[in-house]
Amino acid sequence: MEQPPAPADALAEIQRTQRQAMAAQRLPVWYAPSVVALGTAAAVGAELGGTAQKALTIAAAAGLAALTAALAARVRVKWRASTWTLSAGTRMALWIVSVLAVWGVVPLIAGTATDSAAWQKAAAGLVTALYAAATTRWIEKQVQAHSGGRVVR
């Protein structure tokens, strides 16, 4: 007769399984910077006007659709509202606000160096994309640590 696993071994196996599942649903590091880049392209296009504006707006919309399709194809774990706690949601919301704040403040700073709104927006897009890429894994860890239904922090 086989002995049941020790509680510590069973818990360790659950923790390994959860870590593997979380790794499968991580947001790609390229995703947030890509969204910023496409938003920046549309914003720069708005400054240019005419055919360039239409082309950049259409390209940005097509790019966002492609990013959404790529993300949907990659994610295998279903999202459930019950896993989000107030703490996890607040942390994610604050991160999104910080990304938008960087995107909004950089043009003001760039305005001291150039009067071109297109260059200000391009600088904002570059800095914001770098910020989003640098902080994506950190916010994922924060959200995971404060989500419901977890065994391991």
# chains A, B, ... in the order shown; residues from 1 in each chain; ligands from 1
call {"tool": "residues_around", "arguments": {"residues": "A:Ala117", "least_positions_apart": "2", "cutoff": "12 Å", "atoms": "only C-alpha atoms", "output": "PDB file with N, CA, C and O atoms, in the first residue's frame"}}
result
ATOM      1  N   THR A  40       1.715  56.470 -29.337  1.00  0.00           N
ATOM      2  CA  THR A  40       2.605  57.572 -29.704  1.00  0.00           C
ATOM      3  C   THR A  40       2.549  57.832 -31.205  1.00  0.00           C
ATOM      4  O   THR A  40       2.517  58.991 -31.643  1.00  0.00           O
ATOM      5  N   ALA A  43      -0.525  59.731 -31.893  1.00  0.00           N
ATOM      6  CA  ALA A  43      -0.418  61.109 -31.391  1.00  0.00           C
ATOM      7  C   ALA A  43       0.482  61.955 -32.291  1.00  0.00           C
ATOM      8  O   ALA A  43       0.169  63.115 -32.575  1.00  0.00           O
ATOM      9  N   VAL A  44       1.592  61.385 -32.739  1.00  0.00           N
ATOM     10  CA  VAL A  44       2.481  62.115 -33.659  1.00  0.00           C
ATOM     11  C   VAL A  44       1.756  62.353 -34.982  1.00  0.00           C
ATOM     12  O   VAL A  44       1.851  63.440 -35.567  1.00  0.00           O
ATOM     13  N   GLY A  45       1.015  61.378 -35.440  1.00  0.00           N
ATOM     14  CA  GLY A  45       0.247  61.532 -36.669  1.00  0.00           C
ATOM     15  C   GLY A  45      -0.768  62.659 -36.571  1.00  0.00           C
ATOM     16  O   GLY A  45      -0.987  63.398 -37.533  1.00  0.00           O
ATOM     17  N   ALA A  46      -1.354  62.822 -35.402  1.00  0.00           N
ATOM     18  CA  ALA A  46      -2.316  63.913 -35.193  1.00  0.00           C
ATOM     19  C   ALA A  46      -1.640  65.267 -35.346  1.00  0.00           C
ATOM     20  O   ALA A  46      -2.262  66.241 -35.773  1.00  0.00           O
ATOM     21  N   GLU A  47      -0.364  65.343 -35.016  1.00  0.00           N
ATOM     22  CA  GLU A  47       0.381  66.600 -35.171  1.00  0.00           C
ATOM     23  C   GLU A  47       0.745  66.863 -36.627  1.00  0.00           C
ATOM     24  O   GLU A  47       0.898  68.009 -37.027  1.00  0.00           O
ATOM     25  N   LEU A  48       0.893  65.815 -37.412  1.00  0.00           N
ATOM     26  CA  LEU A  48       1.322  65.974 -38.795  1.00  0.00           C
ATOM     27  C   LEU A  48       0.172  66.346 -39.714  1.00  0.00           C
ATOM     28  O   LEU A  48       0.329  67.135 -40.623  1.00  0.00           O
ATOM     29  N   VAL A 106       6.532  63.858 -19.587  1.00  0.00           N
ATOM     30  CA  VAL A 106       7.712  63.942 -20.457  1.00  0.00           C
ATOM     31  C   VAL A 106       7.565  65.012 -21.548  1.00  0.00           C
ATOM     32  O   VAL A 106       8.518  65.751 -21.804  1.00  0.00           O
ATOM     33  N   PRO A 107       6.395  65.177 -22.194  1.00  0.00           N
ATOM     34  CA  PRO A 107       6.307  66.253 -23.198  1.00  0.00           C
ATOM     35  C   PRO A 107       6.537  67.638 -22.596  1.00  0.00           C
ATOM     36  O   PRO A 107       7.098  68.513 -23.257  1.00  0.00           O
ATOM     37  N   LEU A 108       6.133  67.821 -21.361  1.00  0.00           N
ATOM     38  CA  LEU A 108       6.365  69.115 -20.708  1.00  0.00           C
ATOM     39  C   LEU A 108       7.857  69.355 -20.528  1.00  0.00           C
ATOM     40  O   LEU A 108       8.357  70.463 -20.754  1.00  0.00           O
ATOM     41  N   ILE A 109       8.555  68.317 -20.128  1.00  0.00           N
ATOM     42  CA  ILE A 109      10.006  68.434 -19.956  1.00  0.00           C
ATOM     43  C   ILE A 109      10.680  68.596 -21.315  1.00  0.00           C
ATOM     44  O   ILE A 109      11.572  69.436 -21.486  1.00  0.00           O
ATOM     45  N   ALA A 110      10.254  67.805 -22.308  1.00  0.00           N
ATOM     46  CA  ALA A 110      10.839  67.895 -23.651  1.00  0.00           C
ATOM     47  C   ALA A 110      10.552  69.255 -24.278  1.00  0.00           C
ATOM     48  O   ALA A 110      11.321  69.723 -25.126  1.00  0.00           O
ATOM     49  N   GLY A 111       9.485  69.901 -23.858  1.00  0.00           N
ATOM     50  CA  GLY A 111       9.143  71.220 -24.377  1.00  0.00           C
ATOM     51  C   GLY A 111      10.180  72.279 -24.066  1.00  0.00           C
ATOM     52  O   GLY A 111      10.247  73.303 -24.743  1.00  0.00           O
ATOM     53  N   THR A 112      10.996  72.018 -23.060  1.00  0.00           N
ATOM     54  CA  THR A 112      12.071  72.968 -22.758  1.00  0.00           C
ATOM     55  C   THR A 112      13.204  72.868 -23.775  1.00  0.00           C
ATOM     56  O   THR A 112      14.000  73.784 -23.905  1.00  0.00           O
ATOM     57  N   ALA A 113      13.271  71.748 -24.506  1.00  0.00           N
ATOM     58  CA  ALA A 113      14.338  71.544 -25.480  1.00  0.00           C
ATOM     59  C   ALA A 113      13.869  71.767 -26.919  1.00  0.00           C
ATOM     60  O   ALA A 113      14.679  72.080 -27.786  1.00  0.00           O
ATOM     61  N   THR A 114      12.585  71.560 -27.181  1.00  0.00           N
ATOM     62  CA  THR A 114      12.067  71.708 -28.548  1.00  0.00           C
ATOM     63  C   THR A 114      10.640  72.236 -28.517  1.00  0.00           C
ATOM     64  O   THR A 114       9.881  71.944 -27.596  1.00  0.00           O
ATOM     65  N   ASP A 115      10.313  73.003 -29.546  1.00  0.00           N
ATOM     66  CA  ASP A 115       8.946  73.526 -29.672  1.00  0.00           C
ATOM     67  C   ASP A 115       8.068  72.590 -30.497  1.00  0.00           C
ATOM     68  O   ASP A 115       6.866  72.777 -30.571  1.00  0.00           O
ATOM     69  N   TRP A 119       7.957  66.013 -31.806  1.00  0.00           N
ATOM     70  CA  TRP A 119       9.151  65.522 -31.119  1.00  0.00           C
ATOM     71  C   TRP A 119       8.886  65.336 -29.631  1.00  0.00           C
ATOM     72  O   TRP A 119       9.396  64.408 -29.014  1.00  0.00           O
ATOM     73  N   GLN A 120       8.095  66.214 -29.040  1.00  0.00           N
ATOM     74  CA  GLN A 120       7.741  66.065 -27.620  1.00  0.00           C
ATOM     75  C   GLN A 120       6.981  64.767 -27.402  1.00  0.00           C
ATOM     76  O   GLN A 120       7.245  64.028 -26.450  1.00  0.00           O
ATOM     77  N   LYS A 121       6.043  64.482 -28.292  1.00  0.00           N
ATOM     78  CA  LYS A 121       5.266  63.246 -28.171  1.00  0.00           C
ATOM     79  C   LYS A 121       6.123  62.011 -28.439  1.00  0.00           C
ATOM     80  O   LYS A 121       5.956  60.982 -27.790  1.00  0.00           O
ATOM     81  N   ALA A 122       7.044  62.124 -29.384  1.00  0.00           N
ATOM     82  CA  ALA A 122       7.943  61.002 -29.658  1.00  0.00           C
ATOM     83  C   ALA A 122       8.830  60.716 -28.450  1.00  0.00           C
ATOM     84  O   ALA A 122       9.040  59.554 -28.080  1.00  0.00           O
ATOM     85  N   ALA A 123       9.343  61.778 -27.822  1.00  0.00           N
ATOM     86  CA  ALA A 123      10.166  61.595 -26.619  1.00  0.00           C
ATOM     87  C   ALA A 123       9.345  60.971 -25.499  1.00  0.00           C
ATOM     88  O   ALA A 123       9.813  60.068 -24.788  1.00  0.00           O
ATOM     89  N   ALA A 124       8.107  61.425 -25.349  1.00  0.00           N
ATOM     90  CA  ALA A 124       7.231  60.867 -24.316  1.00  0.00           C
ATOM     91  C   ALA A 124       6.976  59.389 -24.567  1.00  0.00           C
ATOM     92  O   ALA A 124       6.983  58.576 -23.636  1.00  0.00           O
TER      93      ALA A 124
END
call {"tool": "residues_around", "arguments": {"residues": "A:Ala61", "least_positions_apart": "3", "cutoff": "12 Å", "atoms": "only C-alpha atoms", "output": "ChimeraX atom specification"}}
result
/A:35,37-42,54-58,64-68
call {"tool": "write_last_selection", "arguments": {"atoms": "N, CA, C and O atoms", "output": "PDB file, in the first residue's frame"}}
result
ATOM      1  N   VAL A  35       2.073  48.952 -26.934  1.00  0.00           N
ATOM      2  CA  VAL A  35       0.852  49.763 -26.852  1.00  0.00           C
ATOM      3  C   VAL A  35       1.221  51.241 -26.790  1.00  0.00           C
ATOM      4  O   VAL A  35       0.618  52.083 -27.469  1.00  0.00           O
ATOM      5  N   ALA A  37       3.976  52.624 -27.926  1.00  0.00           N
ATOM      6  CA  ALA A  37       4.526  53.011 -29.232  1.00  0.00           C
ATOM      7  C   ALA A  37       3.413  53.278 -30.240  1.00  0.00           C
ATOM      8  O   ALA A  37       3.477  54.260 -31.001  1.00  0.00           O
ATOM      9  N   LEU A  38       2.389  52.432 -30.241  1.00  0.00           N
ATOM     10  CA  LEU A  38       1.281  52.642 -31.174  1.00  0.00           C
ATOM     11  C   LEU A  38       0.475  53.891 -30.816  1.00  0.00           C
ATOM     12  O   LEU A  38       0.054  54.641 -31.706  1.00  0.00           O
ATOM     13  N   GLY A  39       0.271  54.119 -29.527  1.00  0.00           N
ATOM     14  CA  GLY A  39      -0.402  55.354 -29.100  1.00  0.00           C
ATOM     15  C   GLY A  39       0.406  56.581 -29.468  1.00  0.00           C
ATOM     16  O   GLY A  39      -0.138  57.609 -29.888  1.00  0.00           O
ATOM     17  N   THR A  40       1.715  56.470 -29.337  1.00  0.00           N
ATOM     18  CA  THR A  40       2.605  57.572 -29.704  1.00  0.00           C
ATOM     19  C   THR A  40       2.549  57.832 -31.205  1.00  0.00           C
ATOM     20  O   THR A  40       2.517  58.991 -31.643  1.00  0.00           O
ATOM     21  N   ALA A  41       2.529  56.774 -31.997  1.00  0.00           N
ATOM     22  CA  ALA A  41       2.443  56.933 -33.452  1.00  0.00           C
ATOM     23  C   ALA A  41       1.158  57.672 -33.835  1.00  0.00           C
ATOM     24  O   ALA A  41       1.183  58.580 -34.677  1.00  0.00           O
ATOM     25  N   ALA A  42       0.058  57.314 -33.202  1.00  0.00           N
ATOM     26  CA  ALA A  42      -1.204  57.997 -33.487  1.00  0.00           C
ATOM     27  C   ALA A  42      -1.145  59.461 -33.043  1.00  0.00           C
ATOM     28  O   ALA A  42      -1.636  60.354 -33.743  1.00  0.00           O
ATOM     29  N   LYS A  54      -3.805  60.079 -41.277  1.00  0.00           N
ATOM     30  CA  LYS A  54      -4.661  58.929 -41.590  1.00  0.00           C
ATOM     31  C   LYS A  54      -3.849  57.634 -41.579  1.00  0.00           C
ATOM     32  O   LYS A  54      -4.287  56.630 -41.015  1.00  0.00           O
ATOM     33  N   ALA A  55      -2.681  57.662 -42.189  1.00  0.00           N
ATOM     34  CA  ALA A  55      -1.851  56.451 -42.268  1.00  0.00           C
ATOM     35  C   ALA A  55      -1.406  55.994 -40.882  1.00  0.00           C
ATOM     36  O   ALA A  55      -1.488  54.794 -40.562  1.00  0.00           O
ATOM     37  N   LEU A  56      -0.943  56.929 -40.063  1.00  0.00           N
ATOM     38  CA  LEU A  56      -0.489  56.550 -38.720  1.00  0.00           C
ATOM     39  C   LEU A  56      -1.653  56.092 -37.833  1.00  0.00           C
ATOM     40  O   LEU A  56      -1.493  55.167 -37.036  1.00  0.00           O
ATOM     41  N   THR A  57      -2.805  56.704 -37.977  1.00  0.00           N
ATOM     42  CA  THR A  57      -3.976  56.287 -37.193  1.00  0.00           C
ATOM     43  C   THR A  57      -4.418  54.883 -37.589  1.00  0.00           C
ATOM     44  O   THR A  57      -4.695  54.041 -36.732  1.00  0.00           O
ATOM     45  N   ILE A  58      -4.465  54.610 -38.881  1.00  0.00           N
ATOM     46  CA  ILE A  58      -4.850  53.275 -39.360  1.00  0.00           C
ATOM     47  C   ILE A  58      -3.806  52.239 -38.926  1.00  0.00           C
ATOM     48  O   ILE A  58      -4.151  51.144 -38.466  1.00  0.00           O
ATOM     49  N   LEU A  64      -2.799  47.738 -32.753  1.00  0.00           N
ATOM     50  CA  LEU A  64      -3.487  47.380 -31.498  1.00  0.00           C
ATOM     51  C   LEU A  64      -4.311  46.106 -31.672  1.00  0.00           C
ATOM     52  O   LEU A  64      -4.350  45.266 -30.773  1.00  0.00           O
ATOM     53  N   ALA A  65      -4.958  45.965 -32.813  1.00  0.00           N
ATOM     54  CA  ALA A  65      -5.714  44.736 -33.083  1.00  0.00           C
ATOM     55  C   ALA A  65      -4.780  43.527 -33.130  1.00  0.00           C
ATOM     56  O   ALA A  65      -5.089  42.464 -32.570  1.00  0.00           O
ATOM     57  N   ALA A  66      -3.620  43.688 -33.768  1.00  0.00           N
ATOM     58  CA  ALA A  66      -2.659  42.591 -33.841  1.00  0.00           C
ATOM     59  C   ALA A  66      -2.102  42.243 -32.465  1.00  0.00           C
ATOM     60  O   ALA A  66      -1.938  41.063 -32.130  1.00  0.00           O
ATOM     61  N   LEU A  67      -1.813  43.265 -31.640  1.00  0.00           N
ATOM     62  CA  LEU A  67      -1.328  43.013 -30.277  1.00  0.00           C
ATOM     63  C   LEU A  67      -2.375  42.264 -29.450  1.00  0.00           C
ATOM     64  O   LEU A  67      -2.044  41.349 -28.702  1.00  0.00           O
ATOM     65  N   THR A  68      -3.620  42.676 -29.585  1.00  0.00           N
ATOM     66  CA  THR A  68      -4.701  42.007 -28.855  1.00  0.00           C
ATOM     67  C   THR A  68      -4.818  40.547 -29.291  1.00  0.00           C
ATOM     68  O   THR A  68      -4.955  39.657 -28.444  1.00  0.00           O
TER      69      THR A  68
END
call {"tool": "select_by_dssp", "arguments": {"residues": "chain A", "states": "helix (DSSP H, G or I)", "output": "JSON, numbers by chain"}}
result
{"A": [7, 8, 9, 10, 11, 12, 13, 14, 15, 16, 17, 18, 19, 20, 21, 22, 23, 24, 31, 32, 33, 34, 35, 36, 37, 38, 39, 40, 41, 42, 43, 44, 45, 46, 47, 48, 50, 51, 52, 53, 54, 55, 56, 57, 58, 59, 60, 61, 62, 63, 64, 65, 66, 67, 68, 69, 70, 71, 72, 73, 74, 81, 82, 83, 86, 87, 88, 89, 90, 91, 92, 93, 94, 95, 96, 97, 98, 99, 100, 101, 102, 103, 104, 105, 106, 107, 108, 109, 110, 117, 118, 119, 120, 121, 122, 123, 124, 125, 126, 127, 128, 129, 130, 131, 132, 133, 134, 135, 136, 137, 138, 139, 140, 141, 142, 143, 144, 145]}
call {"tool": "residues_around", "arguments": {"residues": "A:Thr136", "least_positions_apart": "2", "cutoff": "10 Å", "atoms": "only C-alpha atoms", "output": "list in words"}}
result
Arg26, Leu27, Pro28, Val29, Trp30, Tyr31, Ala32, Pro33, Trp95, Tyr131, Ala132, Ala133, Ala134, Trp138, Ile139, Glu140 and Lys141 of chain A
